[in-house]
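Peer 1: Can you read through this structure? Questions will come right after.
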Amino acid sequence: MFKENLEKEVSEFLKQCTGCGKCMKACPLPESDQMLIRSLNYATYKKSLPTAKTIEFAQKCIQCGACNIECPANCHREKMMLWLKTRLSNSLPKGYKNALKYKGSRLSFFQKIGRYFALKKLEPVAGELKKHVDKKDFKETPLLFYLGDSIYSPSLAQHKLIAIAEYMNKDFEILAGYKYSNGIQHYYAGLLDEADKMHDVLYDAVLKVNPATVVTITGEDYEAMKHLQKHWGLNFILKTATEWLLDNVNKLNLKGEKQKVTFHDSCILGRKENKKALPRELLDKVCTIVDIPQDKGLCLCCGFLRGEHEPDSLQRMQTKKLEQVKTKNMSVECINCWNKLAPAAEQKNIKLTDVISLVYSALEEEIKEEQAKEAEQIREEDMEE
Amino acid sequence: MTHYVIIGCGNAGVTAAETIRKHDKKNKITIVNGENKPFYFRSGLVEFLKKELEEERLLARPKKFFELKRIDVLDGIKVQKVVPETKQIIIDKDNIIKYDKLLIATGAVPKIPEIKGTELRGVKTCRTFIDALDIMELAKHSRHVVVVGGGILGIELADALTKRNNKVTILEKEAKLGTGLMDPCTAIRVLEDLNRRRIDVRLRETVKELRGKEGHVSEVRTTKGKIIKTNLVIFCTGSSPNTSFLSGSGIHTDEGIIVDNNLRTNYSEIYAAGDVAQINDPDSGNHIIRPGWYESANMGETAAMNMIGEDSKYYPAIRYRSTAILGVPYTCIGEISPRVRSRKEYEVLHSNCKKTDDHKLFIIKNNRIVGASFFKDRRCALAVKELVEKGTDVSGVKKQLLDPGFDFDYLLIKQRAEIRNEE
């Protein structure tokens with residue numbers, strides 16, 4: 001499904017492209033200066049493999065979408081690059097392959113063993129939510145939290161989100177684990193068929209829950225769910241955790257002093273989905289936002305899709321970005337951004353948080369009180385028995 | 001052995017040649033190029049004038065492309081005549097090319113109004129690469145430049161020349177800029193921006209007469225009786241199909257070359273595509289011209305398929321223009337001209353241009369969107385285009401259409417879900 005849709009879209013874009021070169025001027029990759037539009041366009045549709053320079057550029061492209069915003073003809077250069085990548089997917093860089101190998105549900109026997117040991121190490125992070133990992137039985141609920149691989153995120157935002165939902169007495173279900181991975185990383189690597197298979201698994205699971213609302217905590221998860229809506233015809237309201245919190249924020253009593261926080265936009269949520277204002281609106285209630293300039297070279301990117309195979313380049317990108325941060329705190333919306341930026345931020349002595357955690361800490365006292373009350377009640381009941 | 005000949009080396013011609021080669025590996029393909037430069041990005045010329053795009057980057061295909069695809073290109077050759085009876089095109093007395101299938105994709109030529117003095121040196125249009133080079137050269141010797149016509153090309157050209165340190169005056173005969181393509185709010189925004197850039201815009205005023213000294217233009221007299229001293233006048237007053245060489249050939253022409261939906265002319269082996277073609281529109285029963293880069297590529301493809309013997313149809317699609325005016329993205333879909341907007345059966349929704357930065361306009365007929373334009377934020381443009389094409393009912397969400405956060409994809413998703421349920 002991915003492939004057919006993409007092919008159709010890309011052939012339209014190729015016809016619309018008027019070659020002004022603005023996409024390459026907006027591209028955060030330093031290599032973009034040397035790319036010619038005609039070579040890129042030609043490489044996108046011809047059958048034989050492109051030149052080494054074009055291959056290198058395609059593999060470095062992180063699909064951030066900065067090019068689309070500048071395009072006068074409203075073409076999606078990032079999708080054209082993706083189409084090019086599908087042909088290069090056999091020669092993926094090793095690091096990228098490693099990052100993908102345990103994700104999805106159709107693994108070989110050895111891969112399954114490998115995954116078992118790899119996830120064993122991460123188990124403590126999943127903590128209490130472990131019982132939801134890769135589960136098969138779901139109850140029908142109006143609210144579904146799709147956490148995917150982020151259930152293993154060291155940011156622990158997943159736990160905080162669930163704690164807030166429990167505090168609000170919501171009835172919900174959780175979809176999480178490597179089996180239900182979002183497939184977007186495969187998609188961006190040009191492995192469209194694999195991504196399709198992963199979405200097939202997701203489709204079945206979401207259909208079982210039959211939710212009215214799905215809430216995600218990363219940009220990639222959001223995009224995967226959007227695909228399910230758009231191309232698989234699933235009908236539900238899709239929300240980022242931020243949107244969901246904003247909807248319920250009036251019921252919450254947010255406390256605490258307002259710190260200065262620099263906000264890092266997510267490429268998918270901020271740029272492609274045009275949801276830049278929402279996290280700012282929410283953060284406004286718990287802290288003071290300080291924005292940094294967003295020019296070429298100093299891109300919005302956390303390097304999520306790049307770092308796997310290019311650690312040096314990732315470090316350069318992140319250092320450049322973090323040098324602009326003048327506050328002690330930095331916040332992100334997408335949990336994948338957190339995962340990627342955290343080590344670099346720690347080196348620079350910047351405290352990295354996420355939107356969910358900031359809201360949670362403003363609520364922490366109340367949630368703890370509530371939890372204590374409940375524990376008390378249970379103890380009393382036990383005593384009575 | 002079939003000999004495919006294509007007149008014109010623009011987007012339609014080259015796309016056609018490419019498509020023929022894709023399906024027919026054997027036969028000979030010849031492109032007769034009226035210009036000296038091989039296929040280039042025409043709309044990149046303004047960027048070239050702005051010094052934002054180097055000449056090297058204007059070429060639209062890799063350098064060895066034509067060699068690789070075994071397409072012969074004859075550069076700098078103007079066709080004098082087409083003789084369908086003998087299947088020949090005549091270049092001059094000694095040079096005659098025989099064809100088996102012919103595609104005419106000669107594009108358009110700029111229109112210049114019939115006034116006194118247009119033959120003077122320093123009076124230019126901006127369509128080809130040579131024109132761009134000439135303008136660059138002439139602009140060096142003329143501090144003040146007059147651009148006639150306030151369409152998108154005129155505006156962009158004025159901006160480019162200002163960047164080259166020229167003082168520019170735009171003359172537009174209508175009461176607002178970009179009639180037909182820009183909605184009134186966008187036109188006002190653009191006018192403000194032009195004023196900020198110190199470009200002198202004069203509305204309801206155009207050229208009455210050009211006067212020269214020693215064969216070179218020296219002053220412009222306007223319809224309001226004003227005199228502007230200048231050594232360079234550029235006409236951006238639209239273009240018309242380039243069909244002058246066809247007179248007397250027997251090929252039916254009106255404004256452009258009349259073709260059916262197979263893009264075939266009245267001669268079965270002659271086809272026309274691109275800005276020069278006037279295509280049958282089954283909806284209205286008229287023959288209409290659909291100029292544009294994207295449309296040209298589509299027509300080139302269709303014509304090529306028919307030339308190799310397939311049956312492929314081209315129907316004039318919904319008008320879709322996406323561009324940037326002075327760096328701000330602007331998209332218009334369908335019909336938005338004032339002629340349509342003033343009619344009773346049409347309902348017009350638009351955002352308050354004084355309040356918001358992003359301007360949106362929707363034209364609705366029978367609860368279906370038939371036209372729209374987006375200034376600045378045009379993320380929803382592709383989704384709206386699909387809604388217009390599919391004729392989706394929007395009666396339930398009419399009030400929300402202008403909300404900045406309204407999700408047009410959601411409408412499409414709902415429609416897809418309905419289709420799935422029916423299945």
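Following the order of the structure tokens, first chain is A, next is B, and so on, with residues numbered from 1 inside each chain and ligands from 1 in the order they appear.
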With chain A as the partner and 6 Å as the cut-off, tabulate the residues of chain B that qualify, each row holding the nearest pair of atoms and their distance in Å to one decimal, using only C-alpha atoms, sorted by chain and rising number, as CSV.

Peer 2:
```
residue,atom,partner,partner_atom,distance
B:Phe41,CA,A:Gly19,CA,5.8
B:Gly44,CA,A:Cys20,CA,5.0
B:Ala60,CA,A:Arg38,CA,5.2
B:Arg61,CA,A:Arg38,CA,5.1
B:Pro62,CA,A:Ser39,CA,5.9
B:Tyr294,CA,A:Gln16,CA,4.8
B:Ala297,CA,A:Lys15,CA,5.9
B:Ser322,CA,A:Ala73,CA,4.6
B:Thr323,CA,A:Pro72,CA,4.2
B:Ala324,CA,A:Pro72,CA,4.8
B:Pro329,CA,A:Pro72,CA,5.9
B:Ile413,CA,A:Lys230,CA,5.3
B:Arg416,CA,A:Gly233,CA,5.7
B:Ala417,CA,A:Gly233,CA,4.6
```

Peer 1: Neighbouring residues of Glu85 (chain B) were defined as those with any atom within 10 Å, considering only C-alpha atoms; residues of the same chain fewer than 6 positions away were excluded. Please report them as a PyMOL selection string.

Peer 2: chain B and resi 249-250+267

Peer 1: Please provide as a list in words all residues within 7 Å of Ser312 (chain B), with the sequence filter that same-chain residues fewer than 6 positions apart are discarded (counting only C-alpha atoms).

Peer 2: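 The filter keeps Asn262, Thr302, Met305 and Asn306 of chain B.
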
Peer 1: Kindly save the residues from that selection, with all heavy atoms included, as a PDB file, in the first residue's frame.

Peer 2:
```
ATOM      1  N   ASN B 262      -7.390  12.863 -27.247  1.00  0.00           N
ATOM      2  CA  ASN B 262      -6.175  12.093 -27.498  1.00  0.00           C
ATOM      3  C   ASN B 262      -5.027  13.020 -27.897  1.00  0.00           C
ATOM      4  O   ASN B 262      -3.960  12.567 -28.269  1.00  0.00           O
ATOM      5  CB  ASN B 262      -6.399  11.081 -28.617  1.00  0.00           C
ATOM      6  CG  ASN B 262      -7.311   9.972 -28.175  1.00  0.00           C
ATOM      7  OD1 ASN B 262      -8.509  10.170 -28.055  1.00  0.00           O
ATOM      8  ND2 ASN B 262      -6.758   8.818 -27.904  1.00  0.00           N
ATOM      9  N   THR B 302       0.712  11.986 -22.364  1.00  0.00           N
ATOM     10  CA  THR B 302      -0.463  11.445 -23.056  1.00  0.00           C
ATOM     11  C   THR B 302      -0.239  11.411 -24.566  1.00  0.00           C
ATOM     12  O   THR B 302      -0.522  10.399 -25.226  1.00  0.00           O
ATOM     13  CB  THR B 302      -1.701  12.309 -22.760  1.00  0.00           C
ATOM     14  OG1 THR B 302      -1.787  12.485 -21.359  1.00  0.00           O
ATOM     15  CG2 THR B 302      -2.967  11.664 -23.271  1.00  0.00           C
ATOM     16  N   MET B 305       1.985   8.569 -25.589  1.00  0.00           N
ATOM     17  CA  MET B 305       1.329   7.261 -25.551  1.00  0.00           C
ATOM     18  C   MET B 305       0.483   7.059 -26.805  1.00  0.00           C
ATOM     19  O   MET B 305       0.461   5.978 -27.377  1.00  0.00           O
ATOM     20  CB  MET B 305       0.430   7.130 -24.306  1.00  0.00           C
ATOM     21  CG  MET B 305       1.177   7.071 -22.986  1.00  0.00           C
ATOM     22  SD  MET B 305       2.524   5.904 -22.977  1.00  0.00           S
ATOM     23  CE  MET B 305       1.615   4.383 -22.766  1.00  0.00           C
ATOM     24  N   ASN B 306      -0.194   8.116 -27.231  1.00  0.00           N
ATOM     25  CA  ASN B 306      -1.001   8.014 -28.444  1.00  0.00           C
ATOM     26  C   ASN B 306      -0.128   7.862 -29.690  1.00  0.00           C
ATOM     27  O   ASN B 306      -0.487   7.172 -30.628  1.00  0.00           O
ATOM     28  CB  ASN B 306      -1.915   9.227 -28.573  1.00  0.00           C
ATOM     29  CG  ASN B 306      -3.088   9.142 -27.619  1.00  0.00           C
ATOM     30  OD1 ASN B 306      -3.844   8.180 -27.634  1.00  0.00           O
ATOM     31  ND2 ASN B 306      -3.210  10.135 -26.753  1.00  0.00           N
TER      32      ASN B 306
END
```

Peer 1: Write out as a PyMOL selection string each polymer residue whose atoms come within 9 Å of region 253-269 of chain A, counting only C-alpha atoms; drop sequence neighbours fewer than 5 positions from it.

Peer 2: chain A and resi 63-66+218-220+222-223+240+274-276+279-280+283-292+300-302+325-334+337+359-366

Peer 1: Taking only C-alpha atoms into account, name the residue in B:Cys9, B:Ile289, B:Ala17, B:Ile130 that is nearest to Ile77 (chain B).

Peer 2: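 Result for the nearest residue to Ile77 (chain B): B:Cys9.
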
Peer 1: Taking only region 207-253 of chain A into account, list the residues labelled strand (DSSP E) by DSSP (computed from the backbone), as an MDAnalysis selection string.

Peer 2: chainID A and resid 213:216 237:240

Peer 1: Keeping only N, CA, C and O atoms, take the residues you just selected and write them out as a short mmCIF file (atom, residue, chain, number, x, y, z; two decimals), in the first residue's frame.

Peer 2:
```cif
data_model
loop_
_atom_site.label_atom_id
_atom_site.label_comp_id
_atom_site.auth_asym_id
_atom_site.auth_seq_id
_atom_site.Cartn_x
_atom_site.Cartn_y
_atom_site.Cartn_z
N THR A 213 -10.52 7.32 20.55
CA THR A 213 -9.36 8.21 20.55
C THR A 213 -8.08 7.40 20.73
O THR A 213 -8.02 6.49 21.55
N VAL A 214 -7.07 7.72 19.95
CA VAL A 214 -5.75 7.11 20.13
C VAL A 214 -4.77 8.21 20.49
O VAL A 214 -4.76 9.27 19.86
N VAL A 215 -3.97 7.97 21.54
CA VAL A 215 -3.00 8.97 21.98
C VAL A 215 -1.60 8.40 21.81
O VAL A 215 -1.32 7.27 22.19
N THR A 216 -0.71 9.20 21.19
CA THR A 216 0.67 8.73 20.98
C THR A 216 1.64 9.67 21.68
O THR A 216 1.31 10.82 21.95
N ILE A 237 -10.16 9.28 16.47
CA ILE A 237 -9.55 10.61 16.59
C ILE A 237 -8.13 10.42 17.09
O ILE A 237 -7.91 9.74 18.10
N LEU A 238 -7.20 10.99 16.36
CA LEU A 238 -5.79 10.81 16.71
C LEU A 238 -5.29 12.04 17.46
O LEU A 238 -5.51 13.16 17.03
N LYS A 239 -4.60 11.78 18.58
CA LYS A 239 -4.09 12.91 19.35
C LYS A 239 -2.68 12.66 19.82
O LYS A 239 -2.32 11.53 20.13
N THR A 240 -1.90 13.72 19.89
CA THR A 240 -0.61 13.59 20.56
C THR A 240 -0.90 13.68 22.05
O THR A 240 -1.96 14.17 22.46
#
```

Peer 1: Set the distance at 12 Å and use only C-alpha atoms: which residues neighbour Gln400 (chain B) once local chain neighbours fewer than 4 positions away are removed? I'd like the list as a PyMOL selection string.

Peer 2: chain B and resi 349-351+362+394-396+404-408+411

Peer 1: With N, CA and C atoms retained, could you export that selection as a JSON list (two decimals), in the first residue's frame?

Peer 2:
```
[["chain", "number", "residue", "atom", "x", "y", "z"],
["B", 349, "LEU", "N", -16.25, 31.94, 1.33],
["B", 349, "LEU", "CA", -15.78, 31.99, 2.72],
["B", 349, "LEU", "C", -14.35, 32.46, 2.68],
["B", 350, "HIS", "N", -14.03, 33.47, 3.46],
["B", 350, "HIS", "CA", -12.60, 33.82, 3.52],
["B", 350, "HIS", "C", -12.23, 34.36, 4.88],
["B", 351, "SER", "N", -10.97, 34.16, 5.24],
["B", 351, "SER", "CA", -10.51, 34.62, 6.55],
["B", 351, "SER", "C", -10.34, 36.13, 6.51],
["B", 362, "PHE", "N", -12.35, 30.07, 0.29],
["B", 362, "PHE", "CA", -13.04, 28.92, -0.28],
["B", 362, "PHE", "C", -14.23, 29.40, -1.08],
["B", 394, "VAL", "N", -19.22, 19.16, 1.91],
["B", 394, "VAL", "CA", -18.62, 19.79, 3.09],
["B", 394, "VAL", "C", -19.67, 20.53, 3.92],
["B", 395, "SER", "N", -20.94, 20.21, 3.68],
["B", 395, "SER", "CA", -22.00, 20.99, 4.34],
["B", 395, "SER", "C", -21.88, 20.94, 5.87],
["B", 396, "GLY", "N", -21.43, 19.79, 6.41],
["B", 396, "GLY", "CA", -21.37, 19.65, 7.87],
["B", 396, "GLY", "C", -20.25, 20.45, 8.51],
["B", 404, "PRO", "N", -7.77, 27.59, 11.75],
["B", 404, "PRO", "CA", -6.39, 27.29, 11.38],
["B", 404, "PRO", "C", -6.02, 25.82, 11.62],
["B", 405, "GLY", "N", -6.64, 25.21, 12.61],
["B", 405, "GLY", "CA", -6.25, 23.83, 12.91],
["B", 405, "GLY", "C", -7.11, 22.77, 12.24],
["B", 406, "PHE", "N", -8.02, 23.20, 11.37],
["B", 406, "PHE", "CA", -8.95, 22.22, 10.80],
["B", 406, "PHE", "C", -8.21, 21.18, 9.96],
["B", 407, "ASP", "N", -8.56, 19.92, 10.21],
["B", 407, "ASP", "CA", -7.84, 18.82, 9.57],
["B", 407, "ASP", "C", -8.61, 18.36, 8.32],
["B", 408, "PHE", "N", -8.13, 18.80, 7.15],
["B", 408, "PHE", "CA", -8.81, 18.41, 5.91],
["B", 408, "PHE", "C", -8.62, 16.93, 5.62],
["B", 411, "LEU", "N", -11.53, 14.78, 6.72],
["B", 411, "LEU", "CA", -12.66, 14.62, 5.80],
["B", 411, "LEU", "C", -12.43, 13.49, 4.82]]
```

Peer 1: Looking at A:Lys53, A:Val10, A:Leu119, A:Ser181, which one is nearest to Glu31 (chain A), with distances taken over only C-alpha atoms?

Peer 2: A:Lys53

Peer 1: Would you please work out which residue, of B:Asp200, B:Glu67, B:Glu119, B:Glu54, is nearest to Ile155 (chain B) when using only C-alpha atoms?

Peer 2: B:Asp200

Peer 1: Considering only C-alpha atoms, return as a ChimeraX atom specification whatever protein or nucleic-acid residues lie within 9 Å of Ile251 (chain B), sequence-local ones (same chain, fewer than 4 positions apart) excluded.

Peer 2: /B:82,84,246-247,257-258,265-267,270
